[in-house]
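Enquirer: Contents of entry-v2.txt (compact mmCIF, C-alpha atoms) are below:
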```
# COMPACT_ATOMS: atom_id res chain seq x y z
CA MET Y 1 39.17 -26.15 88.78
CA ASN Y 2 41.91 -25.34 86.29
CA LEU Y 3 41.76 -22.66 83.61
CA LYS Y 4 41.15 -25.22 80.87
CA GLN Y 5 38.08 -26.60 82.62
CA ILE Y 6 36.75 -23.06 83.27
CA TYR Y 7 37.09 -22.27 79.55
CA LYS Y 8 35.18 -25.43 78.57
CA ASN Y 9 32.35 -24.58 80.98
CA LYS Y 10 32.04 -21.08 79.51
CA ILE Y 11 31.79 -22.50 75.97
CA LEU Y 12 29.11 -24.96 77.11
CA LEU Y 13 27.06 -22.22 78.77
CA LEU Y 14 27.32 -20.07 75.62
CA LEU Y 15 26.05 -22.93 73.41
CA ILE Y 16 23.13 -23.61 75.79
CA ALA Y 17 22.18 -19.92 75.77
CA THR Y 18 22.33 -19.72 71.97
CA LEU Y 19 20.21 -22.85 71.60
CA SER Y 20 17.64 -21.53 74.07
CA VAL Y 21 17.25 -18.26 72.15
CA GLY Y 22 16.81 -20.19 68.89
CA LEU Y 23 14.13 -22.44 70.33
CA LEU Y 24 12.28 -19.49 71.83
CA SER Y 25 12.37 -17.65 68.50
CA ALA Y 26 11.02 -20.68 66.60
CA SER Y 27 8.29 -21.15 69.21
CA CYS Y 28 7.12 -17.55 68.88
CA SER Y 29 7.04 -17.71 65.09
CA GLY Y 30 5.05 -20.94 64.76
CA GLY Y 31 8.08 -22.92 63.62
CA GLN Y 32 8.98 -20.48 60.81
CA SER Y 33 12.27 -18.62 60.73
CA THR Y 34 11.81 -14.92 61.48
CA SER Y 35 14.89 -14.15 59.40
CA LYS Y 36 12.90 -14.52 56.16
CA GLU Y 37 12.05 -11.18 54.60
CA LYS Y 38 8.35 -10.52 54.24
CA ILE Y 39 7.63 -9.92 50.57
CA THR Y 40 4.52 -8.64 48.79
CA LEU Y 41 4.10 -9.35 45.09
CA THR Y 42 1.41 -7.68 42.98
CA LEU Y 43 -0.24 -9.65 40.18
CA TRP Y 44 -2.52 -8.42 37.38
CA LYS Y 45 -4.55 -10.69 35.12
CA PRO Y 46 -7.64 -10.22 32.96
CA PHE Y 47 -10.52 -12.74 32.88
CA VAL Y 48 -9.81 -14.62 36.14
CA ASP Y 49 -11.95 -13.93 39.24
CA SER Y 50 -10.19 -13.57 42.58
CA ASP Y 51 -11.79 -16.66 44.14
CA LYS Y 52 -10.35 -18.81 41.35
CA MET Y 53 -6.87 -17.30 41.45
CA ASN Y 54 -6.84 -17.55 45.23
CA VAL Y 55 -6.81 -21.34 44.96
CA ILE Y 56 -3.19 -21.10 43.79
CA ILE Y 57 -2.29 -18.09 45.94
CA GLN Y 58 -3.43 -19.72 49.19
CA ALA Y 59 -1.66 -22.99 48.35
CA TYR Y 60 1.55 -21.05 47.74
CA LYS Y 61 1.14 -19.13 50.99
CA LYS Y 62 1.36 -22.43 52.88
CA LYS Y 63 4.67 -23.15 51.19
CA LYS Y 64 6.04 -19.60 51.46
CA PRO Y 65 4.40 -17.89 54.47
CA ASN Y 66 6.61 -14.85 54.07
CA VAL Y 67 5.29 -14.13 50.54
CA THR Y 68 1.99 -12.31 50.06
CA ILE Y 69 0.40 -12.16 46.60
CA GLU Y 70 -1.90 -9.20 46.00
CA TYR Y 71 -4.09 -10.11 43.02
CA THR Y 72 -6.10 -7.71 40.86
CA LYS Y 73 -8.48 -8.85 38.14
CA LYS Y 74 -8.35 -6.31 35.32
CA ASN Y 75 -10.96 -5.44 32.70
CA ILE Y 76 -9.70 -6.70 29.34
CA GLU Y 77 -11.19 -3.69 27.54
CA ASN Y 78 -8.63 -1.28 29.01
CA TYR Y 79 -6.15 -3.78 30.40
CA GLU Y 80 -3.22 -3.03 28.13
CA SER Y 81 -3.56 0.74 28.36
CA ASP Y 82 -3.77 0.54 32.17
CA LEU Y 83 -0.73 -1.74 32.22
CA LEU Y 84 1.40 0.46 29.96
CA ASN Y 85 0.44 3.58 31.90
CA ALA Y 86 1.36 1.92 35.20
CA LEU Y 87 4.69 0.69 33.85
CA ALA Y 88 5.47 4.12 32.43
CA ALA Y 89 4.77 5.65 35.86
CA GLY Y 90 6.96 3.07 37.59
CA SER Y 91 4.00 1.71 39.54
CA GLY Y 92 3.24 -1.44 37.56
CA PRO Y 93 2.69 -4.89 39.06
CA ASP Y 94 5.50 -7.36 39.76
CA ILE Y 95 3.74 -10.02 37.67
CA PHE Y 96 1.32 -9.45 34.81
CA SER Y 97 -0.32 -11.26 31.91
CA ILE Y 98 0.39 -10.67 28.25
CA ASN Y 99 -1.10 -12.24 25.16
CA ASN Y 100 1.21 -14.79 23.59
CA THR Y 101 1.65 -12.49 20.57
CA TRP Y 102 2.77 -9.52 22.70
CA THR Y 103 6.16 -10.91 23.72
CA ALA Y 104 8.13 -8.91 21.15
CA GLN Y 105 6.40 -5.68 22.23
CA TYR Y 106 7.14 -6.28 25.92
CA LYS Y 107 10.63 -7.73 25.68
CA ASP Y 108 12.19 -4.54 27.09
CA LYS Y 109 9.70 -4.47 29.99
CA ILE Y 110 10.07 -8.02 31.32
CA VAL Y 111 12.83 -10.13 32.80
CA SER Y 112 13.73 -13.74 32.06
CA ALA Y 113 13.65 -16.53 34.62
CA PRO Y 114 16.73 -16.56 36.86
CA ALA Y 115 19.43 -19.11 36.15
CA GLY Y 116 18.79 -22.37 37.95
CA LEU Y 117 15.03 -21.95 38.36
CA TYR Y 118 14.35 -24.16 35.34
CA THR Y 119 16.57 -26.11 33.06
CA LEU Y 120 15.56 -25.42 29.48
CA LYS Y 121 14.83 -29.12 29.00
CA GLU Y 122 12.60 -29.19 32.08
CA TYR Y 123 10.60 -26.24 30.74
CA LYS Y 124 10.31 -27.63 27.22
CA ASP Y 125 9.29 -31.06 28.48
CA ALA Y 126 6.64 -29.57 30.76
CA PHE Y 127 4.83 -27.23 28.35
CA VAL Y 128 3.34 -27.64 24.89
CA ASP Y 129 5.43 -26.49 21.94
CA VAL Y 130 3.57 -23.24 21.33
CA VAL Y 131 4.48 -21.97 24.84
CA ASN Y 132 8.12 -22.72 24.15
CA ASP Y 133 7.95 -21.04 20.75
CA ASP Y 134 6.31 -17.92 22.19
CA PHE Y 135 8.32 -17.43 25.38
CA VAL Y 136 11.80 -18.90 24.93
CA TYR Y 137 14.28 -16.53 23.27
CA ASP Y 138 18.03 -17.09 23.05
CA ASN Y 139 17.66 -20.00 25.49
CA GLN Y 140 16.05 -17.74 28.09
CA ILE Y 141 12.52 -18.18 29.45
CA PHE Y 142 10.43 -15.00 29.45
CA GLY Y 143 6.99 -16.25 30.46
CA THR Y 144 4.91 -19.22 31.50
CA ALA Y 145 1.26 -20.07 30.87
CA MET Y 146 -1.46 -21.39 33.16
CA TRP Y 147 -3.42 -22.60 30.16
CA VAL Y 148 -3.50 -22.46 26.35
CA ASP Y 149 -6.59 -22.10 24.15
CA SER Y 150 -6.74 -23.33 20.56
CA LEU Y 151 -9.40 -23.03 17.88
CA GLY Y 152 -12.04 -25.73 17.56
CA LEU Y 153 -14.90 -26.30 15.11
CA TYR Y 154 -18.34 -25.87 16.66
CA TYR Y 155 -21.12 -27.57 14.71
CA ASN Y 156 -24.92 -27.58 14.87
CA LYS Y 157 -26.03 -31.23 15.00
CA ASP Y 158 -29.55 -30.49 13.80
CA LEU Y 159 -28.46 -28.48 10.76
CA LEU Y 160 -25.89 -31.07 9.72
CA GLY Y 161 -28.35 -33.91 10.31
CA THR Y 162 -31.04 -32.19 8.24
CA ALA Y 163 -28.54 -31.89 5.39
CA GLY Y 164 -27.65 -35.59 5.70
CA ILE Y 165 -24.20 -34.92 7.14
CA ALA Y 166 -23.32 -37.55 9.75
CA THR Y 167 -19.94 -36.32 10.98
CA PRO Y 168 -18.29 -32.88 11.07
CA ALA Y 169 -15.83 -31.88 8.36
CA LYS Y 170 -12.25 -33.06 8.76
CA THR Y 171 -10.70 -31.31 5.73
CA TRP Y 172 -11.02 -28.01 3.89
CA ASN Y 173 -12.77 -29.75 1.02
CA GLU Y 174 -15.27 -31.46 3.32
CA LEU Y 175 -16.01 -28.11 4.99
CA ALA Y 176 -16.77 -26.54 1.60
CA VAL Y 177 -18.94 -29.49 0.48
CA ASP Y 178 -20.89 -29.53 3.75
CA SER Y 179 -21.42 -25.79 3.57
CA ARG Y 180 -23.02 -26.04 0.14
CA LYS Y 181 -25.45 -28.66 1.43
CA VAL Y 182 -26.64 -26.45 4.28
CA ILE Y 183 -27.06 -22.97 2.81
CA VAL Y 184 -30.43 -21.31 2.37
CA GLN Y 185 -30.57 -17.82 0.86
CA ASP Y 186 -33.73 -15.76 0.45
CA ALA Y 187 -34.70 -13.66 -2.55
CA SER Y 188 -33.19 -10.52 -1.05
CA GLY Y 189 -29.78 -12.16 -0.77
CA VAL Y 190 -29.83 -12.77 3.00
CA PHE Y 191 -28.55 -16.14 4.17
CA THR Y 192 -31.20 -17.54 6.47
CA ARG Y 193 -28.92 -20.53 6.90
CA SER Y 194 -25.16 -20.43 6.34
CA GLY Y 195 -22.79 -23.33 6.07
CA VAL Y 196 -19.84 -21.83 7.90
CA ALA Y 197 -19.31 -18.42 9.48
CA MET Y 198 -16.20 -17.25 7.65
CA GLY Y 199 -15.11 -15.16 4.69
CA LEU Y 200 -15.13 -11.65 6.15
CA SER Y 201 -13.42 -9.92 9.07
CA GLU Y 202 -15.94 -7.46 10.48
CA ASN Y 203 -18.73 -9.90 11.37
CA VAL Y 204 -16.67 -13.06 11.95
CA ASN Y 205 -15.40 -13.61 15.47
CA ARG Y 206 -11.58 -13.75 15.32
CA GLY Y 207 -11.72 -14.06 11.55
CA VAL Y 208 -8.04 -13.09 11.30
CA ASP Y 209 -7.15 -16.00 13.58
CA ILE Y 210 -8.97 -18.39 11.26
CA LEU Y 211 -6.94 -17.06 8.34
CA TYR Y 212 -3.70 -17.42 10.33
CA LEU Y 213 -4.66 -21.03 10.99
CA LEU Y 214 -5.34 -21.68 7.32
CA MET Y 215 -2.04 -20.08 6.32
CA LEU Y 216 -0.11 -22.27 8.72
CA GLN Y 217 -1.99 -25.35 7.49
CA ALA Y 218 -1.13 -24.37 3.92
CA GLY Y 219 2.56 -24.44 4.79
CA VAL Y 220 3.17 -20.71 5.11
CA LYS Y 221 6.26 -19.69 7.03
CA PRO Y 222 5.02 -16.23 8.06
CA TRP Y 223 8.35 -14.59 8.86
CA SER Y 224 12.05 -14.88 8.20
CA ASP Y 225 14.09 -16.56 10.93
CA ASP Y 226 15.15 -13.24 12.44
CA GLY Y 227 11.53 -12.07 12.63
CA ARG Y 228 12.24 -8.93 10.63
CA SER Y 229 10.85 -9.83 7.22
CA PRO Y 230 7.25 -10.97 6.72
CA GLN Y 231 6.89 -13.55 3.99
CA PHE Y 232 3.26 -14.73 4.21
CA ALA Y 233 2.69 -13.45 0.65
CA SER Y 234 5.62 -15.49 -0.68
CA GLY Y 235 4.95 -18.85 -2.29
CA SER Y 236 1.52 -20.31 -2.96
CA GLY Y 237 0.43 -21.11 0.60
CA GLY Y 238 -0.66 -17.63 1.57
CA GLU Y 239 -2.70 -17.19 -1.59
CA ASP Y 240 -4.29 -20.66 -1.26
CA ALA Y 241 -5.34 -19.98 2.34
CA THR Y 242 -6.63 -16.47 1.65
CA THR Y 243 -8.54 -17.55 -1.45
CA PHE Y 244 -10.16 -20.40 0.48
CA TYR Y 245 -11.11 -18.19 3.42
CA THR Y 246 -12.59 -15.37 1.34
CA SER Y 247 -14.37 -17.79 -1.04
CA PHE Y 248 -17.13 -18.20 1.56
CA ALA Y 249 -18.00 -14.52 1.17
CA ASN Y 250 -17.45 -14.37 -2.61
CA PRO Y 251 -20.73 -14.33 -4.60
CA ASN Y 252 -18.88 -15.79 -7.60
CA SER Y 253 -17.68 -18.82 -5.64
CA GLY Y 254 -19.50 -22.10 -5.16
CA ASN Y 255 -18.63 -21.79 -1.48
CA TYR Y 256 -20.60 -18.57 -1.04
CA THR Y 257 -22.38 -18.77 2.31
CA TRP Y 258 -21.65 -15.53 4.17
CA ASN Y 259 -21.89 -11.80 3.46
CA ALA Y 260 -21.94 -8.39 5.11
CA ARG Y 261 -25.64 -8.80 5.89
CA SER Y 262 -25.04 -11.94 7.94
CA ASP Y 263 -25.34 -11.70 11.71
CA TYR Y 264 -22.25 -11.58 13.88
CA SER Y 265 -20.87 -15.12 13.68
CA VAL Y 266 -21.43 -16.22 17.31
CA ASP Y 267 -24.99 -14.85 17.20
CA ALA Y 268 -25.66 -16.56 13.87
CA PHE Y 269 -24.50 -19.91 15.24
CA ALA Y 270 -26.39 -19.53 18.52
CA ASN Y 271 -29.56 -18.63 16.61
CA GLY Y 272 -29.31 -21.70 14.37
CA ARG Y 273 -28.40 -19.71 11.28
CA ALA Y 274 -24.93 -21.21 10.75
CA ALA Y 275 -23.92 -24.86 10.79
CA TYR Y 276 -20.23 -24.35 11.54
CA LEU Y 277 -18.35 -21.83 13.68
CA TYR Y 278 -14.62 -21.63 14.44
CA GLY Y 279 -14.09 -20.67 18.07
CA TYR Y 280 -12.04 -21.05 21.23
CA SER Y 281 -13.04 -22.93 24.38
CA TYR Y 282 -14.55 -19.77 25.90
CA THR Y 283 -16.90 -19.51 22.90
CA ARG Y 284 -18.98 -22.31 24.46
CA GLU Y 285 -19.94 -20.02 27.33
CA GLN Y 286 -21.04 -17.32 24.87
CA ILE Y 287 -23.16 -19.78 22.89
CA ASP Y 288 -24.77 -21.27 25.99
CA ALA Y 289 -25.66 -17.82 27.32
CA LYS Y 290 -27.40 -16.92 24.06
CA SER Y 291 -29.03 -20.28 23.33
CA PRO Y 292 -28.93 -22.78 26.23
CA ASN Y 293 -30.91 -25.43 24.35
CA LEU Y 294 -28.92 -25.42 21.11
CA ASN Y 295 -28.01 -28.94 19.97
CA TYR Y 296 -24.33 -28.55 19.13
CA ASP Y 297 -20.92 -30.03 19.74
CA VAL Y 298 -17.29 -29.21 18.95
CA ALA Y 299 -14.69 -31.06 16.88
CA GLN Y 300 -11.08 -30.60 15.83
CA VAL Y 301 -10.61 -27.92 13.17
CA PRO Y 302 -10.45 -29.23 9.58
CA GLN Y 303 -6.97 -29.76 8.17
CA LYS Y 304 -5.96 -28.89 4.62
CA GLN Y 305 -5.69 -32.60 3.93
CA LEU Y 306 -5.51 -35.81 5.91
CA GLY Y 307 -2.35 -37.88 6.24
CA THR Y 308 -0.11 -35.00 7.32
CA PRO Y 309 0.62 -33.78 10.87
CA ASP Y 310 -2.19 -31.71 12.33
CA ILE Y 311 -1.73 -27.96 12.66
CA ASN Y 312 -3.86 -25.96 15.09
CA TYR Y 313 -3.82 -22.32 16.16
CA ALA Y 314 -3.44 -21.04 19.73
CA SER Y 315 -4.27 -17.74 21.41
CA TYR Y 316 -3.76 -17.32 25.16
CA PHE Y 317 -2.44 -15.11 27.94
CA ALA Y 318 0.70 -15.99 29.87
CA GLU Y 319 2.40 -14.55 32.93
CA VAL Y 320 5.63 -12.53 32.92
CA VAL Y 321 7.74 -10.71 35.50
CA SER Y 322 8.28 -6.97 35.28
CA LYS Y 323 11.78 -5.57 34.93
CA GLN Y 324 10.72 -2.96 37.49
CA SER Y 325 9.99 -5.56 40.18
CA LYS Y 326 12.20 -5.38 43.27
CA HIS Y 327 11.57 -9.08 43.85
CA GLN Y 328 12.16 -10.66 40.45
CA LYS Y 329 13.50 -13.95 41.82
CA GLU Y 330 10.57 -14.39 44.19
CA ALA Y 331 8.09 -13.46 41.46
CA TRP Y 332 9.52 -16.14 39.18
CA GLU Y 333 9.47 -18.68 42.02
CA PHE Y 334 5.74 -18.03 42.38
CA LEU Y 335 5.17 -18.41 38.64
CA LYS Y 336 7.00 -21.72 38.59
CA TYR Y 337 4.69 -22.99 41.32
CA ALA Y 338 1.56 -21.43 39.75
CA THR Y 339 2.17 -23.40 36.54
CA SER Y 340 3.22 -26.63 38.22
CA LYS Y 341 1.13 -29.79 37.94
CA GLU Y 342 0.27 -29.56 41.63
CA ALA Y 343 -1.05 -25.99 41.39
CA LEU Y 344 -2.90 -26.42 38.10
CA ASP Y 345 -4.62 -29.58 39.36
CA LEU Y 346 -6.10 -27.39 42.10
CA TYR Y 347 -6.90 -24.54 39.71
CA TYR Y 348 -8.57 -26.62 37.00
CA ALA Y 349 -10.91 -28.10 39.61
CA LYS Y 350 -12.16 -24.55 40.17
CA ASP Y 351 -11.86 -23.13 36.64
CA LYS Y 352 -11.70 -25.74 33.87
CA GLN Y 353 -9.25 -24.65 31.16
CA PRO Y 354 -7.32 -26.47 28.40
CA SER Y 355 -3.91 -27.22 29.87
CA SER Y 356 -0.58 -25.68 28.95
CA ARG Y 357 1.16 -28.68 30.53
CA ARG Y 358 1.70 -31.92 28.67
CA ASP Y 359 1.27 -34.05 31.79
CA LEU Y 360 -2.29 -32.78 32.29
CA ILE Y 361 -3.54 -32.85 28.70
CA GLU Y 362 -3.96 -36.62 28.64
CA LEU Y 363 -6.32 -36.31 31.61
CA GLN Y 364 -8.35 -33.64 29.80
CA THR Y 365 -8.76 -35.17 26.33
CA SER Y 366 -11.87 -37.13 27.29
CA ASP Y 367 -13.55 -34.09 28.84
CA LEU Y 368 -16.68 -33.18 26.89
CA GLU Y 369 -16.16 -29.43 27.26
CA ILE Y 370 -12.43 -28.84 26.87
CA GLY Y 371 -11.07 -32.15 25.53
CA VAL Y 372 -10.97 -31.00 21.90
CA PHE Y 373 -9.09 -27.81 22.80
CA ALA Y 374 -6.64 -29.58 25.12
CA HIS Y 375 -5.85 -32.13 22.39
CA ALA Y 376 -5.39 -29.33 19.85
CA ASN Y 377 -2.82 -27.66 22.13
CA LEU Y 378 -0.40 -30.50 21.41
CA THR Y 379 -0.09 -29.42 17.77
CA ALA Y 380 -0.91 -25.72 18.11
CA LYS Y 381 1.18 -22.94 16.63
CA SER Y 382 0.97 -19.16 16.77
CA PHE Y 383 1.58 -16.32 14.33
CA TYR Y 384 4.27 -13.78 15.21
CA LYS Y 385 3.05 -10.18 15.27
CA PRO Y 386 5.34 -7.18 15.88
CA ASN Y 387 2.28 -5.33 17.21
CA GLU Y 388 -0.88 -7.41 17.63
CA ALA Y 389 -3.55 -4.75 17.22
CA LYS Y 390 -1.93 -3.11 14.20
CA PHE Y 391 -0.97 -6.39 12.55
CA ASP Y 392 -4.48 -7.84 12.97
CA SER Y 393 -5.87 -4.62 11.52
CA ILE Y 394 -3.66 -4.99 8.42
CA ILE Y 395 -4.91 -8.55 7.84
CA GLY Y 396 -8.51 -7.64 8.60
CA GLU Y 397 -8.41 -4.77 6.10
CA MET Y 398 -6.85 -7.10 3.53
CA ILE Y 399 -9.76 -9.53 3.91
CA GLU Y 400 -12.33 -6.77 3.50
CA ALA Y 401 -10.47 -5.34 0.48
CA ILE Y 402 -10.59 -8.73 -1.29
CA VAL Y 403 -14.27 -9.37 -0.55
CA ILE Y 404 -15.84 -5.91 -0.53
CA ASP Y 405 -13.56 -4.00 -2.91
CA ARG Y 406 -12.91 -7.06 -5.13
CA GLN Y 407 -9.15 -6.65 -4.99
CA ASN Y 408 -7.01 -9.39 -6.45
CA VAL Y 409 -5.90 -11.84 -3.73
CA SER Y 410 -2.25 -11.79 -4.76
CA SER Y 411 -2.11 -7.99 -4.89
CA ALA Y 412 -3.91 -7.63 -1.56
CA LEU Y 413 -1.51 -10.07 0.08
CA SER Y 414 1.53 -8.25 -1.28
CA ARG Y 415 0.20 -4.93 -0.04
CA ALA Y 416 -0.45 -6.41 3.42
CA GLN Y 417 3.06 -7.83 3.51
CA SER Y 418 4.52 -4.41 2.67
CA GLN Y 419 2.47 -2.85 5.46
CA ALA Y 420 3.72 -5.52 7.87
CA SER Y 421 7.31 -4.72 6.86
CA ALA Y 422 6.70 -1.05 7.62
CA LEU Y 423 5.20 -2.05 10.97
CA VAL Y 424 8.40 -3.92 11.85
CA ARG Y 425 10.49 -0.87 11.02
CA SER Y 426 8.28 1.41 13.12
CA THR Y 427 8.45 -0.83 16.18
CA ASN Y 428 12.24 -1.29 16.16
```
What do you get writing this file as structure tokens?

Expert:
Amino acid sequence: MNLKQIYKNKILLLLIATLSVGLLSASCSGGQSTSKEKITLTLWKPFVDSDKMNVIIQAYKKKKPNVTIEYTKKNIENYESDLLNALAAGSGPDIFSINNTWTAQYKDKIVSAPAGLYTLKEYKDAFVDVVNDDFVYDNQIFGTAMWVDSLGLYYNKDLLGTAGIATPAKTWNELAVDSRKVIVQDASGVFTRSGVAMGLSENVNRGVDILYLLMLQAGVKPWSDDGRSPQFASGSGGEDATTFYTSFANPNSGNYTWNARSDYSVDAFANGRAAYLYGYSYTREQIDAKSPNLNYDVAQVPQKQLGTPDINYASYFAEVVSKQSKHQKEAWEFLKYATSKEALDLYYAKDKQPSSRRDLIELQTSDLEIGVFAHANLTAKSFYKPNEAKFDSIIGEMIEAIVIDRQNVSSALSRAQSQASALVRSTN
């Protein structure tokens, strides 16, 4: 045998040995490559029980066996303080939820999706506009949502029927007219039956959100393009919306149907003491728990007038990736899967929620429980807040000042806008 043939035989033996080792390795690892790094990602969310979230986690585990997701359901009451404390200590989760209005506050704590994970068009085509508006900055994607919740109009069928009202209000004017037909007030000034639960802040569930909705419907552009200058008091829209909202708690208005002595709005509706209630999809669960036999339904929120594009208002939590995470790419890969059509089909079967994805909304619109909210998501907007808690407090105090202290609407709005400007300066 010549040297050339000996060399060829050695090469052949080396290839056979290498192939044998590879096959043995694959056999021992169940067909998965052992070269993949085992990664653990921590995930915090409020509201969602582990058994529901595990539907997505287990499905992802089949696709990425080397990735383990450790999920913790957090109590919403102290969620943000726990989160901020953990991040400050450098021990925060890889992935966490934030309210859609918190993005500006958390921008320095989160990281955008890596290049190539999404195209911007793919993301915008997949999710409803409000998700894009809330989480895309400078053509970078900072978060993604498993669902979106928008306001709907709950109505008591028996109260409306007794008043001769066949269908729920579709416009502001119809809401005011219906309300006048329903109200019953006793000699002491207590409303034993209110038309609509709105007008104040303290005893109206998410009353500030209702006012934000009305402002947007009235054509208000809340902030300058750079987000630094509030302008909700500029022009007539803000005053129109605020006057309409507070008119339901103004004794000098024909719309008067609510006051400080009224029950908390969800309780009033559940107890049959209010014909209309603005609320989110989760409000149904609260109503049913308080009054399982109440004869009610839910409709789209009234618009300022018909014949113009609908405007709805959304509030929801979305998922983001921490800047502190050592596995940012893998965390974002999980989020892309968790908000895919495939994953959310599985999740919604376990926990029905109004979809954030356009391609699932059409399937939900006929659903008796969430169809109204899913449909509303298509035209939902949000209201930028430099600091949610403080901004909501400014607007809530403005409402109370107009109704309780009888401040002029225009003056109260201007004062609130000045306070919002100061809030921007303090958060920058």

Enquirer: Could you give me, as a list in words, the residues within 6 Å of Lys157 of chain Y, counting only C-alpha atoms and dropping anything in the same chain fewer than 2 positions from it?

Expert: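 Skipping anything fewer than 2 positions along the chain leaves Leu159, Leu160, Gly161, Asn295 and Tyr296 of chain Y.
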
Enquirer: Please list as an mmCIF file with C-alpha atoms, keeping the file's coordinate frame every residue within 12 Å of Asn271 of chain Y, counting all atoms listed in the file and excluding residues in the same chain fewer than 3 positions away.

Expert:
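Generated file (selection.cif):
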```cif
data_model
loop_
_atom_site.group_PDB
_atom_site.id
_atom_site.type_symbol
_atom_site.label_atom_id
_atom_site.label_comp_id
_atom_site.auth_asym_id
_atom_site.auth_seq_id
_atom_site.Cartn_x
_atom_site.Cartn_y
_atom_site.Cartn_z
ATOM 1 C CA ASN Y 156 -24.920 -27.580 14.870
ATOM 2 C CA LEU Y 159 -28.460 -28.480 10.760
ATOM 3 C CA THR Y 192 -31.200 -17.540 6.470
ATOM 4 C CA ARG Y 193 -28.920 -20.530 6.900
ATOM 5 C CA SER Y 194 -25.160 -20.430 6.340
ATOM 6 C CA SER Y 262 -25.040 -11.940 7.940
ATOM 7 C CA ASP Y 263 -25.340 -11.700 11.710
ATOM 8 C CA TYR Y 264 -22.250 -11.580 13.880
ATOM 9 C CA SER Y 265 -20.870 -15.120 13.680
ATOM 10 C CA VAL Y 266 -21.430 -16.220 17.310
ATOM 11 C CA ASP Y 267 -24.990 -14.850 17.200
ATOM 12 C CA ALA Y 268 -25.660 -16.560 13.870
ATOM 13 C CA ALA Y 274 -24.930 -21.210 10.750
ATOM 14 C CA ALA Y 275 -23.920 -24.860 10.790
ATOM 15 C CA GLN Y 286 -21.040 -17.320 24.870
ATOM 16 C CA ILE Y 287 -23.160 -19.780 22.890
ATOM 17 C CA ASP Y 288 -24.770 -21.270 25.990
ATOM 18 C CA ALA Y 289 -25.660 -17.820 27.320
ATOM 19 C CA LYS Y 290 -27.400 -16.920 24.060
ATOM 20 C CA SER Y 291 -29.030 -20.280 23.330
ATOM 21 C CA PRO Y 292 -28.930 -22.780 26.230
ATOM 22 C CA ASN Y 293 -30.910 -25.430 24.350
ATOM 23 C CA LEU Y 294 -28.920 -25.420 21.110
ATOM 24 C CA ASN Y 295 -28.010 -28.940 19.970
ATOM 25 C CA TYR Y 296 -24.330 -28.550 19.130
#
```

Enquirer: Using all atoms listed in the file, which of Y:Gln328, Y:Ser50, Y:Thr246, Y:Thr40 sits nearest Tyr347 of chain Y?

Expert: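 The shortest atom-to-atom distance to Tyr347 of chain Y comes from Y:Ser50.
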
Enquirer: Which residue gives the smallest distance to Glu122 of chain Y among Y:Leu368, Y:Lys45, Y:Arg228, Y:Arg357, with only C-alpha atoms counted?

Expert: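 Among the listed residues, the smallest separation from Glu122 of chain Y belongs to Y:Arg357.
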
Enquirer: Do you know which residues are at most 10 Å from Ala126 of chain Y counting all atoms listed in the file, after dropping those on the same chain fewer than 2 positions away, and could you put them as a VMD selection string?

Expert: chain Y and resid 120 to 124 128 to 129 131 to 132 339 to 341 356 to 360

Enquirer: Neighbouring residues of Ser91 of chain Y were defined as those with any atom within 12 Å, considering only C-alpha atoms; residues of the same chain fewer than 5 positions away were excluded. Please report them as a VMD selection string.

Expert: chain Y and resid 42 82 to 86 322 to 326

Enquirer: Do you have the atom CA of Ala169 of chain Y-atom CA of Gly254 of chain Y distance handy?

Expert: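 Between atom CA of Ala169 of chain Y and atom CA of Gly254 of chain Y the gap works out to 17.1 Å.
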
Enquirer: Of the candidates Y:Glu388, Y:Glu342, Y:Glu77, Y:Asp367, which one gets nearest to Val55 of chain Y if we count all atoms listed in the file?

Expert: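 Of all the options, Y:Glu342 lies closest to Val55 of chain Y.
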
Enquirer: Point out the residue among Y:Val301, Y:Leu200, Y:Leu346, Y:Leu423 with the least atom-to-atom distance to Thr379 of chain Y, counting only C-alpha atoms.

Expert: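 The answer is Y:Val301, which sits nearest to Thr379 of chain Y.
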